[in-house]
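Trainee: One structure, as structure tokens, below. Some questions next.
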Amino acid sequence: MSKAVSALEGASFEGFAKVEETGLRGMITVRGDLDSKEMAEAVKAVNGAEMPAVRKIVHGEGGSVAWMSPDELLVVCAYEEADAKVAAMTEALAGQHALVVKVSDARAVFRISGEAAREVIAKLAPVDMSPAAFPAGEFRRSRVAQVAAAFWLNEDGSFEMICFRSVAQYVFDLLSISSERGGEVGFLN
Amino acid sequence: MLTLQCPYCGVEAEETELHAEGEAHLKRFGPGSSDDDFEGYLFMRENPKGVHFERWRHSNGCGKFFHAARCTMTLEVFGTYSAQTLEPPQEIKDKISAKYPGWTWREFA
Ligand SMILES: [Zn+2]
């Protein structure tokens, strides 16, 4: 088997906020009836996480589970654990109208950290990034400039952003330009 | 700038997060239908100055299709609602009637 590498192999940029490509990450798309008992049990058993509420991400000891749409979740976990989790969730959802598929290698993940991390994203996405509107645990699918992206706020104040691997360089460049020194806005922090 | 609330994820989505998907509540006429019905389904669309019903998709978001009732002249939004329906909810029709008594749109009033 070939050696797996992430899209930008850990590229980083330090401006008024820090932007890092976080390397390989496990990601699993889960579709099905989010209100069903079976789905809640599968999510809990495999990731140790409760079912996330609308537009939220919940962190369990086995992985994080994000609300993507009324019938879709995204599981974020360690890269090496994705295959086992897909197998376990598929088994847990046997007989249900559900789909579990590994998408790790189709994606790239960035971390944006620092005091003004909110402003880096606020410049790129049509989303209210104020602390009141976007607390920790919030998960948002939107766009950054011209491409689709999803991002959430961690308890430590850093954001993580997911995009398609094919646009990883574009998103890294966007985040870097948006966090360039001299470009501080000073409104949200 | 048009802002519509997605009824599925609750986001107040501005226009660039959405994709316009044409007129709402079209009834499909396929194989076996009359030429007139088929033509109407394919080509004939409302183009009102005023109350209008549209389909939108939260494309840069949860990805779901939904419906919106709005005024094409003032850009006032009367409301958004589920795609799993054949007609606008009464509550939205009432809201329109309060502002534009006697409005009609296709078979709705
Ligand atoms: Zn939505």
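Each chain of the structure tokens is named A, B, ... in the order shown, its residues numbered from 1; ligands are numbered from 1 in display order.
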Please identify all residues of chain B having at least one atom at most 8 Å from any atom of chain A, considering only C-alpha atoms, and return them as a list in words.
Mentor: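 Written out as asked, the residues are Tyr8, Cys9, Ala13, Glu14, Thr16, Glu17, Asn60, Gly61, Cys62, Gly63 and Lys64 of chain B.
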Trainee: If you run DSSP on this backbone, which residues of chain A come out as helix (DSSP H, G or I), and could you give them as a ChimeraX atom specification?
Mentor: /A:37-47,79-92,104-106,117-122,165-178
Trainee: For the strand (DSSP E or B) assignment from backbone DSSP, which residues of stretch 59-124 of chain A qualify? Please present them as a ChimeraX atom specification.
Mentor: /A:59,64-69,72-77,99-102,107-113
Trainee: Need to verify the contact set: B:Phe53, 7 Å, only C-alpha atoms, exclusion of same-chain residues closer than 4 positions in sequence. Can you return it as a PyMOL selection string?
Mentor: chain B and resi 23-24+68-70
Trainee: Between atom CA of B:Val11 and atom CA of B:Glu54, what distance in Å does the model show, to one decimal?
Mentor: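 Interatomic distance, atom CA of B:Val11 to atom CA of B:Glu54: 18.0 Å.
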